[in-house]
Number of protein chains: 2
Amino acid sequence: MAKKKQDTGPEARLPKGFHDTDAAELRATRAMLDKIRSVYERYGFEPLETPAIEYTDALGKFLPDQDRPNEGVFSFQDDDEQWLSLRYDLTAPLARYVAQNFQALPKPFRRYATGTVYRNEKPGPGRFRQFTQFDADTVGTDSVAADAECCMLLAETLEAIGVTRGGYLVKLNSRKVLDGVLEGIGIAPGADGDHAKRLGVLRAMDKLDRLGTEGVALLLGAGRKDESGDFTAGAGLDARSIDKVLGFLSAANASRSAALAALSPLVAGSATGEAGVADLAEIDSLLTAAGFGDDCVAIDASVVRGLEYYTGPVFEAELTSTIVSADGQPMRFGSVGSGGRYDGLVQRFMGQPVPATGCSIGVSRLQAALAALAGGAAKAEGQGPVIVLVMDRAQLPRYQSMAQALRSAGIRAEMYLGTSGMKAQMKYADRRGAPCVVIQGGDEIAKGEVQIKDLIEGAKAAAAITDNKEWKEARPAQISVAVSDLVATVREILARHASAA
Amino acid sequence: MAKKKQDTGPEARLPKGFHDTDAAELRATRAMLDKIRSVYERYGFEPLETPAIEYTDALGKFLPDQDRPNEGVFSFQDDDEQWLSLRYDLTAPLARYVAQNFQALPKPFRRYATGTVYRNEKPGPGRFRQFTQFDADTVGTDSVAADAECCMLLAETLEAIGVTRGGYLVKLNSRKVLDGVLEGIGIAPGADGDHAKRLGVLRAMDKLDRLGTEGVALLLGAGRKDESGDFTAGAGLDARSIDKVLGFLSAANASRSAALAALSPLVAGSATGEAGVADLAEIDSLLTAAGFGDDCVAIDASVVRGLEYYTGPVFEAELTSTIVSADGQPMRFGSVGSGGRYDGLVQRFMGQPVPATGCSIGVSRLQAALAALAGGAAKAEGQGPVIVLVMDRAQLPRYQSMAQALRSAGIRAEMYLGTSGMKAQMKYADRRGAPCVVIQGGDEIAKGEVQIKDLIEGAKAAAAITDNKEWKEARPAQISVAVSDLVATVREILARHASAA
């Protein structure tokens with residue numbers, strides 16, 4: 001039916017990094033969002049929605065020295081020349097909201113938010129420029145009980161959407177502990193001269209997953225040559241310092257109490273580091289009291305992503321199951337949720353520190369991971385509508401009233417709205433996943449009857465019948481009932497399929 | 001607590017035309033969206049979600065002669081210099097989607113969509129630059145049964161969200177009938193020379209609400225001087241033509257069958273006009289068969305908004321109730337939903353006409369109207385969480401486990417996460433709308449007990465007690481129970497308030 005596109009018309013296509021979402025995927029997403037929301041509500045968070053567009057400077061993405069917005073955000077100028085941007089996360093708008101409404105809010109302020117965020121970055125496989133996050137934050141308290149709640153919330157949310165305990169791990173670390181360890185090897189957190197060295201150490205630590213302990217040791221020290229012969233300069237630490245950092249990283253391989261015991265000597269003498277370990281110990285005791293053991297939340301010092309941004313505890317939720325991909329390789333799922341304490345974000349506006357902590361679930365990513373684990377796409381097929389076929393266009397009002405009677409009984413239904421014949425109508429009903437079709441031709445009208453053809457039962461029967469004549473005589477799964485019995489009969493058919501499913 | 005803003009920080013504010021949505025309003029919106037979705041699903045529509053960002057030319061908002069996007073849309077260039085825009089409605093993205101996936105879609109294709117759209121226009125009272133629409137469209141059929149369904153869907157949706165029959169009216173008109181009437185007075189639809197005259201007539205007709213029949217007659221003829229003395233040039237019709245147009249407009253004041261009878265002679269001799277009246281007659285018979293009488297869908301030729309865009313039937317849903325505003329003026333609510341048949345939108349991409357029809361509900365507008373009708377803001381207050389107070393910070397794990405026990409029983413609960421004293425904690429519980437608080441100090445711990453204070457009951461009791469001493473002795477609505485009875489007791493309190501509400 002589609003003819004060649006005219007030269008003058010635009011091409012129907014989407015920009016890279018964006019995609020359409022079909023009914024089955026949307027239904028799965030909605031079900032997941034409902035489950036997440038229910039956990040967040042149970043934890044006492046209240047919903048808040050901020051717009052997708054904010055002033056670029058309010059998001060912290062305006063580069064005053066270059067007089068233009070950061071490249072990673074979608075930006076445009078308002079008619080008064082001020083720069084606007086699409087939000088790239090839900091935390092920056094929260095900080096703006098809190099600063100704007102500070103006096104009126106209960107303290108601590110606990111809100112959850114879900115929505116799409118936009119990144120003007122190079123898209124790749126599984127990396128989109130528009131995706132959905134689901135955040136919960138507690139603003140206005142420096143109690144690490146709020147951080148403990150983030151770990152609990154991440155764990156409980158994953159369990160609520162069907163990941164069993166043991167199938168995920170929330171990893172917990174602390175910026176303060178890291179600072180303490182670095183202080184112990186002579187890298188002060190505040191000093192400008194140490195910044196490059198600090199970054200080098202963090203980058204090396206972040207490669208533990210990929211390069212293992214030996215590779216990280218090289219990068220912490222003199223440097224490392226990879227398989228291709230390329231050389232990466234190291235952070236230049238001495239052997240004792242390297243051991244200390246590796247000791248810190250290996251605190252992952254133990255229970256929370258063992259990890260705490262291992263971390264304590266590494267930060268001895270650093271006030272910041274000792275405070276960080278005390279924070280983790282308090283979080284540990286709260287988690288234990290709430291029933292979240294070592295099998296769901298672990299202290300893991302290898303979690304260093306975001307440690308430049310966060311100011312206290314950081315957490316990252318991972319799915320631990322591996323599956324074998326199509327090409328036989330074991331596939332691991334990365335982080336599906338993360339967060340941490342950030343005490344500086346609201347301060348940008350208010351000039352005073354406002355302690356805050358929160359976590360964010362990457363909904364699209366989590367859904368993709370669960371789908372892969374389930375061995376297929378994350379689709380939730382809905383029941384298609386009952387289709388009332390149009391045997392005679394002069395009888396449309398009759399068919400319409402039947403569709404309406406079904407709808408009034410709460411049944412998804414539609415009269416066929418196209419203008420094609422019987423064969424196309426049956427094909428349409430199949431495509432829509434209709435459980436049954438309603439047929440009323442001249443004969444049925446004369447008798448006050450209606451034919452109901454059960455498409456699911458019919459497909460099974462058809463598979464069992466091999467002879468065309470036998471088929472025509474049997475007319476499997478097709479019954480005649482009085483028009484007044486239409487709704488009750490359809491309801492019976494739907495109930496039968498629902499209990500069989 | 002808030003200090004003066006530092007000179008260097010950005011100001012915490014939103015661009016004009018955007019707003020934050022608080023918990024109570026969000027809950028009301030979510031409840032409304034769920035109800036709308038349930039009706040759309042029942043009518044057989046399937047959900048589809050397209051991204052917020054599209055190529056500007058795909059949205060039809062690129063001005064090739066000026067090599068830039070239309071001013072009404074938020075636009076920015078991608079890194080390959082191509083123009084992108086935020087969607088300004090949900091129909092243009094649908095057209096792109098259908099053209100892109102034409103072969104794979106069932107025909108007709110019936111989808112619903114909800115989401116935010118963006119207009120780069122001057123904001124005003126109740127006019128935002130970001131708002132939510134809820135659309136349903138049927139693409140790929142020229143049967144006006146699909147148009148009839150739009151009217152039914154609008155009516156049924158309004159009833160589903162609580163507008164009673166008689167409290168709304170879906171007005172139905174037809175571009176073809178209008179074209180027939182204009183043809184009858186010598187204004188041909190296609191001829192270029194008539195375009196200005198045609199527009200003048202449409203503009204005059206659109207002013208019926210504001211200027212009444214006399215005012216419109218002047219604008220159709222020689223022109224009109226308003227109260228301030230400003231003169232608006234007229235469309236220059238002769239008296240007979242003016243009568244015909246006014247006759248067309250007055251077809252509103254009657255039943256659908258009476259309106260059809262009045263319209264027929266006005267289009268006699270125009271093939272287009274007669275086809276338009278036949279369309280309306282078929283829609284009328286389908287509506288009647290489905291139980292939608294004159295009290296919910298009316299033929300009203302004064303509905304001319306969008307008649308330049310639509311190609312067949314058009315519909316507009318209005319709330320008919322009036323309320324008296326704060327300054328004593330009667331307030332009317334305008335359109336809360338509208339739609340029509342548009343056969344040209346997909347053609348832009350495919351070079352062949354693809355008939356389509358649909359309707360859109362303005363969710364924010366509808367919610368505001370319902371709120372005003374209900375005499376207050378559209379808020380759905382949720383039940384606040386149970387707050388476990390912190391009497392002794394050394395006992396946090398104990399309090400945390402109580403909060404967790406409540407959550408595990410499905411009860412919204414949180415341990416107080418701030419660091420303030422008892423008075424601030426009680427104020428916090430009040431602010432959060434907590435139904436009760438859980439208190440456990442040293443005495444209670446020793447006895448293995450917990451105090452539960454019912455804040456709702458307590459507030460009532462406090463109102464009845466005038467004497468401070470009496471208050472202290474009575475301790476209204478505060479009871480001691482064993483820790484093991486905490487969950488059951490809280491559940492009883494919540495159940496009591498739920499049944500009282």
# chains A, B, ... in the order shown; residues from 1 in each chain; ligands from 1
call {"tool": "select_by_dssp", "arguments": {"residues": "region 189-317 of chain A", "states": "strand (DSSP E)", "output": "list in words"}}
result
Gly223, Arg224, Lys225, Phe231, Thr232, Ala233, Val297, Ala298, Ile299, Pro313, Val314, Phe315, Glu316 and Ala317 of chain A
call {"tool": "residues_around", "arguments": {"residues": "Glu308 (chain B)", "least_positions_apart": "2", "cutoff": "12 Å", "atoms": "only C-alpha atoms", "output": "list in words"}}
result
Ser174, Arg175, Lys176, Leu178, Asp179, Pro189, Gly190, His195, Arg198, Leu199, Val201, Leu202, Arg203, Val303, Val304, Arg305, Gly306, Tyr310, Thr311, Gly312, Pro313, Val314, Gly340, Arg341, Tyr342 and Gly344 of chain B
call {"tool": "closest_residue", "arguments": {"among": "B:Met391, B:Ile283, B:Ala368, B:Val438", "to": "Val450 (chain B)", "atoms": "only C-alpha atoms"}}
result
B:Val438
call {"tool": "closest_residue", "arguments": {"among": "B:Ala222, B:Val336, B:Val346, B:Val483", "to": "Tyr399 (chain B)", "atoms": "only C-alpha atoms"}}
result
B:Val483
call {"tool": "atom_distance", "arguments": {"atom1": "CA of Pro93 (chain B)", "atom2": "CA of Asp57 (chain B)"}}
result
11.0 Å
call {"tool": "select_by_dssp", "arguments": {"residues": "region 42-274 of chain A", "states": "alpha helix (DSSP H)", "output": "JSON, numbers by chain"}}
result
{"A": [42, 91, 92, 93, 94, 95, 96, 97, 98, 99, 100, 145, 146, 147, 148, 149, 150, 151, 152, 153, 154, 155, 156, 157, 158, 159, 160, 175, 176, 177, 178, 179, 180, 181, 182, 183, 184, 195, 196, 197, 198, 199, 200, 201, 202, 203, 204, 205, 208, 209, 210, 211, 212, 213, 214, 215, 216, 217, 218, 219, 220, 239, 240, 241, 242, 243, 244, 245, 246, 247, 248, 249, 256, 257, 258, 259, 260, 261, 262, 263, 264, 265, 266, 267, 271, 272, 273, 274]}
call {"tool": "residues_around", "arguments": {"residues": "Ile323 (chain B)", "least_positions_apart": "2", "cutoff": "8 Å", "atoms": "only C-alpha atoms", "output": "PyMOL selection string"}}
result
chain B and resi 321+325+330-332+372-373
call {"tool": "write_last_selection", "arguments": {"atoms": "C-alpha atoms", "output": "mmCIF file, in the first residue's frame"}}
result
data_model
loop_
_atom_site.group_PDB
_atom_site.id
_atom_site.type_symbol
_atom_site.label_atom_id
_atom_site.label_comp_id
_atom_site.auth_asym_id
_atom_site.auth_seq_id
_atom_site.Cartn_x
_atom_site.Cartn_y
_atom_site.Cartn_z
ATOM 1 C CA SER B 321 -21.375 23.858 34.377
ATOM 2 C CA SER B 325 -15.610 33.090 40.652
ATOM 3 C CA PRO B 330 -19.890 33.492 36.394
ATOM 4 C CA MET B 331 -16.957 31.399 35.119
ATOM 5 C CA ARG B 332 -17.262 29.076 32.136
ATOM 6 C CA ALA B 372 -12.577 24.759 40.365
ATOM 7 C CA LEU B 373 -15.909 22.938 40.096
#
